[in-house]
$ cat coords.txt   # compact mmCIF, C-alpha atoms
# COMPACT_ATOMS: atom_id res chain seq x y z
CA MET A 1 -25.53 37.95 -18.79
CA SER A 2 -27.89 37.98 -15.88
CA LEU A 3 -30.30 40.88 -15.64
CA LEU A 4 -32.10 39.55 -12.59
CA GLY A 5 -29.26 39.91 -10.10
CA VAL A 6 -29.82 36.56 -8.49
CA ASP A 7 -26.36 35.13 -9.12
CA VAL A 8 -23.34 35.65 -6.86
CA PRO A 9 -20.29 36.15 -9.10
CA PRO A 10 -16.78 35.42 -7.79
CA VAL A 11 -14.56 38.23 -6.56
CA SER A 12 -12.46 38.15 -9.74
CA HIS A 13 -15.42 39.70 -11.56
CA VAL A 14 -14.49 43.03 -9.97
CA THR A 15 -11.92 43.55 -12.70
CA ASN A 16 -13.36 41.18 -15.27
CA TRP A 17 -16.82 42.28 -16.34
CA GLY A 18 -17.94 39.11 -18.09
CA THR A 19 -19.41 39.59 -21.51
CA GLY A 20 -22.66 39.03 -23.30
CA PRO A 21 -23.17 39.79 -26.98
CA LEU A 22 -20.83 42.64 -28.06
CA GLY A 23 -19.52 42.92 -24.49
CA PHE A 24 -22.95 44.00 -23.26
CA ASN A 25 -23.74 43.02 -19.69
CA LYS A 26 -25.66 44.11 -16.62
CA THR A 27 -23.25 46.93 -15.82
CA ALA A 28 -23.60 48.38 -19.30
CA ALA A 29 -27.39 48.04 -19.08
CA ILE A 30 -27.42 49.98 -15.80
CA TYR A 31 -25.23 52.72 -17.27
CA ILE A 32 -27.57 53.03 -20.26
CA PHE A 33 -30.49 53.26 -17.83
CA ALA A 34 -28.69 55.95 -15.82
CA ALA A 35 -27.87 57.99 -18.92
CA LEU A 36 -31.44 57.70 -20.21
CA ALA A 37 -32.89 58.58 -16.80
CA THR A 38 -30.71 61.70 -16.58
CA MET A 39 -31.65 62.76 -20.12
CA VAL A 40 -35.37 62.10 -19.60
CA LEU A 41 -35.32 63.98 -16.29
CA PHE A 42 -33.76 67.11 -17.72
CA TYR A 43 -35.43 66.97 -21.14
CA PHE A 44 -39.01 66.56 -19.93
CA GLY A 45 -38.45 68.29 -16.60
CA THR A 46 -37.48 71.57 -18.27
CA ARG A 47 -40.06 71.79 -21.07
CA ARG A 48 -42.52 74.11 -19.30
CA LYS A 49 -40.49 77.31 -19.44
CA ASP A 50 -43.48 79.59 -18.99
CA ALA A 51 -44.69 77.92 -15.80
CA LEU A 52 -43.61 79.81 -12.71
CA VAL A 53 -44.82 77.18 -10.27
CA PRO A 54 -43.15 73.81 -10.91
CA ALA A 55 -45.52 70.88 -11.25
CA GLY A 56 -45.02 67.17 -11.63
CA ILE A 57 -42.30 64.91 -10.26
CA LEU A 58 -39.91 65.47 -13.19
CA GLN A 59 -39.91 69.26 -13.03
CA ASN A 60 -39.71 69.32 -9.24
CA THR A 61 -36.78 66.88 -9.19
CA ALA A 62 -34.94 68.67 -11.98
CA GLU A 63 -35.35 72.11 -10.43
CA SER A 64 -34.47 71.09 -6.90
CA GLY A 65 -31.51 69.09 -8.26
CA VAL A 66 -30.18 72.13 -10.12
CA GLY A 67 -30.77 74.28 -7.04
CA PHE A 68 -28.99 71.75 -4.84
CA VAL A 69 -25.90 71.58 -7.04
CA ARG A 70 -25.89 75.36 -7.42
CA ASN A 71 -26.24 76.22 -3.72
CA GLN A 72 -24.61 73.29 -1.95
CA VAL A 73 -21.81 72.47 -4.39
CA ILE A 74 -20.79 75.42 -6.55
CA MET A 75 -21.55 78.39 -4.28
CA GLN A 76 -19.82 76.64 -1.34
CA THR A 77 -16.64 75.75 -3.21
CA ILE A 78 -16.02 77.92 -6.32
CA GLY A 79 -18.29 80.95 -6.01
CA THR A 80 -20.33 82.81 -8.59
CA ASP A 81 -17.70 82.55 -11.34
CA GLY A 82 -18.04 78.77 -11.22
CA LEU A 83 -21.68 78.80 -12.30
CA GLY A 84 -20.59 77.95 -15.85
CA TYR A 85 -19.87 74.44 -14.61
CA LEU A 86 -23.43 73.99 -13.34
CA PRO A 87 -24.64 71.87 -16.31
CA TYR A 88 -21.65 69.52 -16.20
CA LEU A 89 -21.77 69.08 -12.42
CA THR A 90 -25.54 68.57 -12.35
CA ALA A 91 -25.38 65.95 -15.09
CA LEU A 92 -22.46 64.27 -13.32
CA PHE A 93 -24.33 64.22 -10.01
CA PHE A 94 -27.51 62.73 -11.46
CA PHE A 95 -25.71 60.17 -13.64
CA ILE A 96 -23.63 58.88 -10.72
CA PHE A 97 -26.66 58.89 -8.44
CA PHE A 98 -28.80 56.92 -10.91
CA SER A 99 -26.07 54.36 -11.51
CA ASN A 100 -25.54 54.03 -7.73
CA ILE A 101 -29.17 53.78 -6.68
CA THR A 102 -29.70 50.56 -8.67
CA GLU A 103 -27.86 49.00 -5.73
CA ILE A 104 -31.09 48.85 -3.75
CA ILE A 105 -33.68 48.55 -6.54
CA PRO A 106 -35.20 45.05 -6.20
CA GLY A 107 -34.47 42.86 -9.20
CA VAL A 108 -31.37 44.82 -10.20
CA GLN A 109 -29.53 45.19 -6.89
CA PHE A 110 -26.19 46.06 -8.36
CA PRO A 111 -24.46 49.46 -8.33
CA ALA A 112 -22.90 49.92 -11.76
CA ASN A 113 -20.13 52.00 -10.19
CA ALA A 114 -18.88 48.90 -8.37
CA ARG A 115 -16.94 48.28 -11.60
CA PHE A 116 -13.83 50.39 -11.95
CA GLY A 117 -14.11 51.55 -15.58
CA VAL A 118 -16.63 54.38 -15.58
CA PRO A 119 -15.56 55.99 -12.26
CA LEU A 120 -12.04 56.08 -13.68
CA VAL A 121 -13.26 57.79 -16.85
CA PHE A 122 -15.10 60.42 -14.79
CA ALA A 123 -12.05 60.96 -12.60
CA LEU A 124 -9.91 61.44 -15.71
CA ALA A 125 -12.50 63.89 -17.09
CA THR A 126 -12.25 65.85 -13.82
CA TRP A 127 -8.44 65.70 -14.05
CA VAL A 128 -8.46 67.09 -17.60
CA ILE A 129 -10.96 69.82 -16.67
CA TYR A 130 -9.13 71.15 -13.63
CA ASN A 131 -5.75 71.06 -15.34
CA VAL A 132 -7.08 72.86 -18.43
CA VAL A 133 -8.84 75.43 -16.23
CA GLY A 134 -5.66 75.98 -14.24
CA VAL A 135 -3.49 76.39 -17.33
CA VAL A 136 -5.98 78.72 -19.01
CA LYS A 137 -6.73 80.88 -15.95
CA GLN A 138 -3.23 81.13 -14.47
CA GLY A 139 -0.87 80.29 -17.31
CA PRO A 140 1.15 77.05 -17.37
CA LEU A 141 4.09 78.16 -15.21
CA HIS A 142 2.01 79.93 -12.58
CA TYR A 143 -0.35 76.97 -12.40
CA LEU A 144 2.50 74.54 -11.86
CA LYS A 145 4.10 76.83 -9.26
CA ASN A 146 0.85 77.38 -7.39
CA SER A 147 -0.08 73.71 -7.30
CA VAL A 148 3.38 72.47 -6.29
CA ILE A 149 4.49 75.15 -3.80
CA PRO A 150 1.97 75.78 -1.01
CA PRO A 151 2.24 79.24 0.57
CA GLY A 152 4.14 79.69 3.82
CA VAL A 153 6.33 76.60 3.76
CA PRO A 154 9.85 76.92 5.27
CA LYS A 155 12.64 76.72 2.68
CA ALA A 156 14.34 73.75 4.34
CA ILE A 157 11.53 71.26 3.73
CA LEU A 158 10.41 72.78 0.43
CA PRO A 159 11.93 70.03 -1.82
CA LEU A 160 10.10 67.31 0.10
CA VAL A 161 6.83 69.25 0.11
CA MET A 162 7.16 69.92 -3.62
CA ILE A 163 7.46 66.21 -4.42
CA ILE A 164 4.52 65.34 -2.16
CA GLU A 165 2.35 68.09 -3.63
CA LEU A 166 3.29 67.15 -7.20
CA VAL A 167 2.30 63.52 -6.67
CA SER A 168 -0.81 64.34 -4.67
CA THR A 169 -2.11 66.93 -7.14
CA PHE A 170 -1.49 65.16 -10.40
CA VAL A 171 -1.53 61.44 -9.55
CA VAL A 172 -3.33 60.74 -6.28
CA ARG A 173 -6.24 63.16 -6.86
CA PRO A 174 -7.83 61.44 -9.89
CA PHE A 175 -6.92 58.00 -8.60
CA SER A 176 -8.45 58.54 -5.17
CA LEU A 177 -11.51 60.15 -6.78
CA ALA A 178 -12.14 57.02 -8.84
CA VAL A 179 -11.24 54.57 -6.08
CA ARG A 180 -13.47 56.36 -3.55
CA LEU A 181 -16.60 55.96 -5.65
CA PHE A 182 -15.75 52.45 -6.82
CA ALA A 183 -14.70 51.06 -3.45
CA ASN A 184 -17.62 52.60 -1.56
CA MET A 185 -20.15 51.08 -3.93
CA LEU A 186 -18.35 47.74 -4.03
CA ALA A 187 -18.13 47.61 -0.22
CA GLY A 188 -21.82 48.44 0.17
CA HIS A 189 -22.76 45.83 -2.42
CA LEU A 190 -20.62 43.20 -0.67
CA ILE A 191 -22.22 44.01 2.70
CA LEU A 192 -25.71 43.60 1.24
CA VAL A 193 -24.71 40.36 -0.52
CA THR A 194 -23.13 39.01 2.66
CA PHE A 195 -26.21 39.58 4.80
CA ALA A 196 -28.59 38.35 2.09
CA VAL A 197 -26.62 35.11 1.62
CA LEU A 198 -26.24 34.75 5.38
CA SER A 199 -29.99 35.15 5.88
CA ALA A 200 -30.67 32.50 3.24
CA ALA A 201 -28.11 30.11 4.74
CA LEU A 202 -29.50 30.56 8.26
CA TRP A 203 -33.03 30.03 6.93
CA ALA A 204 -32.00 26.74 5.33
CA ALA A 205 -30.26 25.30 8.39
CA LYS A 206 -32.83 24.26 11.01
CA PRO A 207 -31.21 25.04 14.42
CA THR A 208 -29.82 28.40 13.30
CA ILE A 209 -33.15 29.76 12.13
CA VAL A 210 -33.55 31.65 15.41
CA ILE A 211 -30.58 33.91 14.52
CA MET A 212 -31.95 34.61 11.07
CA PRO A 213 -34.18 37.62 12.07
CA PHE A 214 -31.09 39.52 13.31
CA SER A 215 -29.26 38.99 10.05
CA PHE A 216 -32.36 39.98 8.11
CA ALA A 217 -32.92 43.07 10.24
CA LEU A 218 -29.34 44.14 9.56
CA LEU A 219 -29.91 43.52 5.85
CA VAL A 220 -32.90 45.89 5.91
CA ALA A 221 -30.98 48.48 7.93
CA MET A 222 -27.97 48.34 5.60
CA THR A 223 -30.27 48.71 2.59
CA GLY A 224 -31.50 51.97 4.11
CA PHE A 225 -27.92 53.01 4.80
CA GLU A 226 -26.94 52.28 1.20
CA ILE A 227 -29.57 54.76 -0.05
CA LEU A 228 -27.69 57.38 1.96
CA VAL A 229 -24.33 56.16 0.63
CA SER A 230 -25.51 56.26 -3.01
CA PHE A 231 -26.55 59.86 -2.57
CA LEU A 232 -23.48 60.80 -0.55
CA GLN A 233 -20.99 59.33 -3.01
CA ALA A 234 -22.60 61.15 -5.95
CA PHE A 235 -22.51 64.34 -3.86
CA ILE A 236 -18.88 63.84 -2.80
CA PHE A 237 -17.73 63.08 -6.34
CA THR A 238 -19.46 66.25 -7.57
CA ILE A 239 -18.22 68.46 -4.75
CA LEU A 240 -14.63 67.22 -5.07
CA THR A 241 -14.74 67.95 -8.79
CA ALA A 242 -15.95 71.45 -7.90
CA VAL A 243 -13.23 71.85 -5.24
CA TYR A 244 -10.50 70.86 -7.69
CA ILE A 245 -11.85 73.23 -10.35
CA GLY A 246 -12.09 75.96 -7.71
CA SER A 247 -8.50 75.41 -6.57
CA SER A 248 -7.37 75.79 -10.17
CA MET A 249 -9.40 78.98 -10.62
CA HIS A 250 -8.48 80.66 -7.33
CA PRO A 251 -5.03 79.55 -6.11
CA ASP A 252 -4.02 80.12 -2.50
CA HIS A 253 -1.76 83.10 -2.01
CA MET B 1 -20.60 27.24 11.56
CA VAL B 2 -21.06 26.42 7.89
CA MET B 3 -18.54 29.08 6.95
CA LEU B 4 -16.12 27.83 9.60
CA HIS B 5 -16.31 24.27 8.24
CA LEU B 6 -15.75 25.58 4.73
CA LEU B 7 -12.74 27.62 5.87
CA LEU B 8 -11.27 24.66 7.75
CA ALA B 9 -11.77 22.39 4.75
CA ALA B 10 -10.14 24.94 2.45
CA ALA B 11 -7.23 25.40 4.84
CA ALA B 12 -6.72 21.65 5.09
CA ALA B 13 -6.65 21.36 1.32
CA ASP B 14 -4.26 24.25 0.59
CA PRO B 15 -2.68 26.10 3.54
CA THR B 16 -1.51 29.08 1.41
CA LYS B 17 -5.10 29.97 0.61
CA GLY B 18 -5.87 30.39 4.29
CA LEU B 19 -2.77 32.54 4.68
CA THR B 20 -3.88 34.74 1.78
CA ALA B 21 -7.21 35.28 3.48
CA ILE B 22 -5.46 36.18 6.73
CA GLY B 23 -3.19 38.55 4.83
CA ARG B 24 -6.17 40.27 3.27
CA GLY B 25 -7.73 40.68 6.68
CA ILE B 26 -4.53 42.17 8.10
CA VAL B 27 -4.16 44.57 5.15
CA TYR B 28 -7.66 45.93 5.42
CA GLY B 29 -7.63 45.96 9.23
CA GLY B 30 -4.36 47.87 9.28
CA ALA B 31 -5.52 50.32 6.65
CA ALA B 32 -8.71 51.02 8.60
CA ILE B 33 -7.02 52.06 11.87
CA GLY B 34 -5.75 55.50 10.85
CA PRO B 35 -8.80 56.60 8.85
CA GLY B 36 -11.03 55.37 11.69
CA ILE B 37 -9.30 57.71 14.12
CA GLY B 38 -9.21 60.46 11.49
CA ILE B 39 -12.89 60.33 10.64
CA GLY B 40 -13.69 60.35 14.35
CA LEU B 41 -11.66 63.53 14.78
CA VAL B 42 -13.23 65.19 11.73
CA VAL B 43 -16.82 64.43 12.69
CA GLY B 44 -16.28 65.12 16.39
CA ASN B 45 -14.85 68.55 15.71
CA ALA B 46 -17.56 69.28 13.14
CA ILE B 47 -20.22 68.47 15.74
CA THR B 48 -18.49 70.73 18.25
CA ALA B 49 -18.43 73.53 15.69
CA MET B 50 -22.11 73.02 14.81
CA ALA B 51 -23.12 73.01 18.48
CA ARG B 52 -21.19 76.19 19.17
CA GLN B 53 -22.42 78.03 16.11
CA PRO B 54 -25.60 76.46 14.72
CA GLU B 55 -25.99 79.13 12.00
CA SER B 56 -22.79 77.91 10.32
CA ALA B 57 -24.01 74.30 10.26
CA GLY B 58 -24.43 74.25 6.45
CA THR B 59 -20.84 75.26 5.71
CA VAL B 60 -19.47 72.99 8.42
CA ARG B 61 -21.43 70.02 7.08
CA THR B 62 -20.10 70.48 3.55
CA THR B 63 -16.54 70.85 4.79
CA MET B 64 -17.04 67.83 7.06
CA PHE B 65 -18.01 65.64 4.11
CA LEU B 66 -14.93 66.87 2.26
CA GLY B 67 -12.74 65.99 5.22
CA ILE B 68 -14.36 62.58 5.54
CA ALA B 69 -13.84 61.93 1.83
CA PHE B 70 -10.13 62.76 1.99
CA THR B 71 -9.57 60.73 5.16
CA GLU B 72 -11.60 57.78 3.96
CA ALA B 73 -9.55 57.46 0.76
CA LEU B 74 -6.72 55.71 2.63
CA ALA B 75 -9.04 53.08 4.07
CA LEU B 76 -10.48 52.49 0.61
CA PHE B 77 -6.99 52.04 -0.85
CA GLY B 78 -6.52 49.31 1.73
CA PHE B 79 -9.86 47.79 0.79
CA VAL B 80 -8.90 47.65 -2.89
CA LEU B 81 -5.42 46.37 -2.06
CA ALA B 82 -6.98 43.51 -0.09
CA PHE B 83 -8.72 42.42 -3.29
CA ILE B 84 -5.58 42.77 -5.38
CA ILE B 85 -3.56 40.46 -3.08
CA SER B 86 -3.60 36.96 -4.49
CA GLY B 87 -1.94 33.92 -3.01
$ encode --input "coords.txt" --output "structure tokens"
Amino acid sequence: MSLLGVDVPPVSHVTNWGTGPLGFNKTAAIYIFAALATMVLFYFGTRRKDALVPAGILQNTAESGVGFVRNQVIMQTIGTDGLGYLPYLTALFFFIFFSNITEIIPGVQFPANARFGVPLVFALATWVIYNVVGVVKQGPLHYLKNSVIPPGVPKAILPLVMIIELVSTFVVRPFSLAVRLFANMLAGHLILVTFAVLSAALWAAKPTIVIMPFSFALLVAMTGFEILVSFLQAFIFTILTAVYIGSSMHPDH
Amino acid sequence: MVMLHLLLAAAAADPTKGLTAIGRGIVYGGAAIGPGIGIGLVVGNAITAMARQPESAGTVRTTMFLGIAFTEALALFGFVLAFIISG
């Protein structure tokens, strides 16, 4: 178990977490941090109910986060009847963001979502939610019919379209949701590792030291880019969850 | 240069390892072609839409990210597949 993030594990560690006592490792530590950060943010950020003007970093972040998920995610994809999912989606957004942003925090420098387990669990949670919503809102047979048969398809190619839609709705959706988050964070982490190791190697070798500033400049630039990616992946995971729930609530006619 | 020497040494020791690395490169490179074109189309058309109708920029941006996410998934499958391949 290395909490300092100075080691470079082999590629096989993508699927094999490596264990400390009771299976506890850096990834688990980051997830616990992310869960605690989300809870602290929304517990202490929402204590001052009587205050009309928000004050302090916690309350400002919590309120603008809720407003962001409400206006940019739910109102754009589901509509007003999706506001019941606001707590789940907000918690999901902040948890994924906090476990992503450790990618660029010095000393940690590892996005916990670069391990496949937890993104897969969230994708399966999304899968269960949108299927249950679809079955409850439309009834089992209507839900199956609406998700398998898209409107306005010619009869001749309907069998082919039905198979494609069946696979894409019930298999590819959760899988791609999990892989998207996992692979984006892993790719960003690998890019940062590559340029950091390259900078160190160029620094050590005497004649190549003149190239080292370019590698280092790219490392700094990619670190900035990864802040954007951490935010964007949390946003995309949340908005896709909302889109899938919305498509189960309001089928195309 | 250091990396090149390492690669050459590894290839000399066990040629299949070098071939696995080449295979991984081909898999990811091939998987990135289509999504590269696709993301270009999505973003290009989104920019056109935003320039024509700036007041709809918010909706277009959200939809653009959705389109990027769907298109990008294929490239990421290739990225993961490149890791799964073992020689």
$ atom_distance --input "coords.txt" --atom1 "atom CA of A:Ala217" --atom2 "atom CA of A:Ala201"
14.9 Å
$ interface_residues --input "coords.txt" --of "chain B" --to "chain A" --cutoff "8 Å" --atoms "all atoms listed in the file" --output "PDB file with C-alpha atoms, in the frame of the given file"
ATOM      1  CA  THR B  59     -20.840  75.260   5.710  1.00  0.00           C
ATOM      2  CA  THR B  62     -20.100  70.480   3.550  1.00  0.00           C
ATOM      3  CA  PHE B  65     -18.010  65.640   4.110  1.00  0.00           C
ATOM      4  CA  LEU B  66     -14.930  66.870   2.260  1.00  0.00           C
ATOM      5  CA  ALA B  69     -13.840  61.930   1.830  1.00  0.00           C
ATOM      6  CA  GLU B  72     -11.600  57.780   3.960  1.00  0.00           C
ATOM      7  CA  ALA B  73      -9.550  57.460   0.760  1.00  0.00           C
ATOM      8  CA  LEU B  76     -10.480  52.490   0.610  1.00  0.00           C
ATOM      9  CA  PHE B  77      -6.990  52.040  -0.850  1.00  0.00           C
ATOM     10  CA  PHE B  79      -9.860  47.790   0.790  1.00  0.00           C
ATOM     11  CA  VAL B  80      -8.900  47.650  -2.890  1.00  0.00           C
ATOM     12  CA  PHE B  83      -8.720  42.420  -3.290  1.00  0.00           C
TER      13      PHE B  83
END
$ atom_distance --input "coords.txt" --atom1 "atom CA of B:Gly23" --atom2 "atom CA of B:Pro35"
19.3 Å
$ residues_around --input "coords.txt" --residues "stretch 35-41 of chain A" --least-positions-apart "2" --cutoff "10 Å" --atoms "all atoms listed in the file" --output "list in words"
Ala29, Ile30, Tyr31, Ile32, Phe33, Tyr43, Phe44, Gly45, Thr46, Ile57, Leu58, Gln59, Asn60, Thr61, Ala62, Thr90, Ala91, Leu92, Phe93, Phe94, Phe95, Ile96, Phe97, Phe98 and Ser99 of chain A
$ atom_distance --input "coords.txt" --atom1 "atom CA of A:Ala28" --atom2 "atom CA of A:Ala112"
7.7 Å
$ residues_near_point --input "coords.txt" --point "(-3.8, 59.7, -12.7)" --cutoff "12 Å" --atoms "all atoms listed in the file" --output "count of residues only"
24
$ residues_around --input "coords.txt" --residues "B:Ile33" --least-positions-apart "5" --cutoff "10 Å" --atoms "all atoms listed in the file" --output "list in words"
Tyr28, Gly38, Leu74 and Ala75 of chain B
$ residues_around --input "coords.txt" --residues "B:Met64" --least-positions-apart "2" --cutoff "10 Å" --atoms "only C-alpha atoms" --output "list in words"
Ile39, Val42, Val43, Gly44, Asn45, Ala46, Ile47, Gly58, Thr59, Val60, Arg61, Thr62, Leu66, Gly67, Ile68, Ala69 and Phe70 of chain B
$ write_last_selection --input "coords.txt" --atoms "C-alpha atoms" --output "mmCIF file, keeping the file's coordinate frame"
data_model
loop_
_atom_site.group_PDB
_atom_site.id
_atom_site.type_symbol
_atom_site.label_atom_id
_atom_site.label_comp_id
_atom_site.auth_asym_id
_atom_site.auth_seq_id
_atom_site.Cartn_x
_atom_site.Cartn_y
_atom_site.Cartn_z
ATOM 1 C CA ILE B 39 -12.890 60.330 10.640
ATOM 2 C CA VAL B 42 -13.230 65.190 11.730
ATOM 3 C CA VAL B 43 -16.820 64.430 12.690
ATOM 4 C CA GLY B 44 -16.280 65.120 16.390
ATOM 5 C CA ASN B 45 -14.850 68.550 15.710
ATOM 6 C CA ALA B 46 -17.560 69.280 13.140
ATOM 7 C CA ILE B 47 -20.220 68.470 15.740
ATOM 8 C CA GLY B 58 -24.430 74.250 6.450
ATOM 9 C CA THR B 59 -20.840 75.260 5.710
ATOM 10 C CA VAL B 60 -19.470 72.990 8.420
ATOM 11 C CA ARG B 61 -21.430 70.020 7.080
ATOM 12 C CA THR B 62 -20.100 70.480 3.550
ATOM 13 C CA LEU B 66 -14.930 66.870 2.260
ATOM 14 C CA GLY B 67 -12.740 65.990 5.220
ATOM 15 C CA ILE B 68 -14.360 62.580 5.540
ATOM 16 C CA ALA B 69 -13.840 61.930 1.830
ATOM 17 C CA PHE B 70 -10.130 62.760 1.990
#
$ decode --input "coords.txt" --residues "stretch 51-73 of chain B" --atoms "N, CA and C atoms" --output "mmCIF file, in the first residue's frame"
data_model
loop_
_atom_site.group_PDB
_atom_site.id
_atom_site.type_symbol
_atom_site.label_atom_id
_atom_site.label_comp_id
_atom_site.auth_asym_id
_atom_site.auth_seq_id
_atom_site.Cartn_x
_atom_site.Cartn_y
_atom_site.Cartn_z
ATOM 1 N N ALA B 51 -22.834 29.387 -33.617
ATOM 2 C CA ALA B 51 -22.539 30.644 -34.295
ATOM 3 C C ALA B 51 -23.780 31.203 -34.966
ATOM 4 N N ARG B 52 -24.629 30.307 -35.485
ATOM 5 C CA ARG B 52 -25.839 30.781 -36.148
ATOM 6 C C ARG B 52 -26.862 31.291 -35.151
ATOM 7 N N GLN B 53 -26.933 30.610 -34.015
ATOM 8 C CA GLN B 53 -27.985 30.955 -33.051
ATOM 9 C C GLN B 53 -27.386 30.967 -31.646
ATOM 10 N N PRO B 54 -26.711 32.068 -31.293
ATOM 11 C CA PRO B 54 -25.982 32.091 -30.019
ATOM 12 C C PRO B 54 -26.889 31.893 -28.803
ATOM 13 N N GLU B 55 -28.185 32.251 -28.905
ATOM 14 C CA GLU B 55 -29.049 32.116 -27.723
ATOM 15 C C GLU B 55 -29.339 30.656 -27.399
ATOM 16 N N SER B 56 -29.116 29.742 -28.352
ATOM 17 C CA SER B 56 -29.357 28.332 -28.064
ATOM 18 C C SER B 56 -28.066 27.615 -27.666
ATOM 19 N N ALA B 57 -27.017 28.399 -27.343
ATOM 20 C CA ALA B 57 -25.703 27.789 -27.093
ATOM 21 C C ALA B 57 -25.735 26.803 -25.927
ATOM 22 N N GLY B 58 -26.535 27.093 -24.885
ATOM 23 C CA GLY B 58 -26.579 26.213 -23.720
ATOM 24 C C GLY B 58 -27.074 24.818 -24.074
ATOM 25 N N THR B 59 -28.222 24.776 -24.775
ATOM 26 C CA THR B 59 -28.783 23.485 -25.183
ATOM 27 C C THR B 59 -27.832 22.756 -26.113
ATOM 28 N N VAL B 60 -27.268 23.494 -27.073
ATOM 29 C CA VAL B 60 -26.381 22.855 -28.048
ATOM 30 C C VAL B 60 -25.167 22.270 -27.342
ATOM 31 N N ARG B 61 -24.641 23.003 -26.341
ATOM 32 C CA ARG B 61 -23.442 22.512 -25.660
ATOM 33 C C ARG B 61 -23.738 21.211 -24.915
ATOM 34 N N THR B 62 -24.865 21.161 -24.221
ATOM 35 C CA THR B 62 -25.227 19.927 -23.514
ATOM 36 C C THR B 62 -25.374 18.766 -24.480
ATOM 37 N N THR B 63 -26.098 19.008 -25.580
ATOM 38 C CA THR B 63 -26.294 17.946 -26.561
ATOM 39 C C THR B 63 -24.963 17.551 -27.197
ATOM 40 N N MET B 64 -24.070 18.534 -27.381
ATOM 41 C CA MET B 64 -22.765 18.237 -27.969
ATOM 42 C C MET B 64 -21.980 17.288 -27.080
ATOM 43 N N PHE B 65 -22.012 17.551 -25.756
ATOM 44 C CA PHE B 65 -21.280 16.652 -24.852
ATOM 45 C C PHE B 65 -21.868 15.248 -24.891
ATOM 46 N N LEU B 66 -23.201 15.174 -25.004
ATOM 47 C CA LEU B 66 -23.836 13.857 -25.129
ATOM 48 C C LEU B 66 -23.337 13.140 -26.381
ATOM 49 N N GLY B 67 -23.331 13.867 -27.497
ATOM 50 C CA GLY B 67 -22.878 13.272 -28.749
ATOM 51 C C GLY B 67 -21.435 12.835 -28.671
ATOM 52 N N ILE B 68 -20.592 13.674 -28.043
ATOM 53 C CA ILE B 68 -19.189 13.309 -27.884
ATOM 54 C C ILE B 68 -19.068 12.042 -27.051
ATOM 55 N N ALA B 69 -19.863 11.972 -25.971
ATOM 56 C CA ALA B 69 -19.764 10.817 -25.079
ATOM 57 C C ALA B 69 -20.117 9.536 -25.811
ATOM 58 N N PHE B 70 -21.197 9.580 -26.631
ATOM 59 C CA PHE B 70 -21.591 8.369 -27.350
ATOM 60 C C PHE B 70 -20.544 7.987 -28.377
ATOM 61 N N THR B 71 -20.006 8.985 -29.094
ATOM 62 C CA THR B 71 -19.041 8.687 -30.144
ATOM 63 C C THR B 71 -17.739 8.164 -29.558
ATOM 64 N N GLU B 72 -17.341 8.784 -28.445
ATOM 65 C CA GLU B 72 -16.060 8.476 -27.830
ATOM 66 C C GLU B 72 -16.020 7.051 -27.281
ATOM 67 N N ALA B 73 -17.210 6.497 -26.963
ATOM 68 C CA ALA B 73 -17.262 5.181 -26.327
ATOM 69 C C ALA B 73 -16.526 4.137 -27.149
#
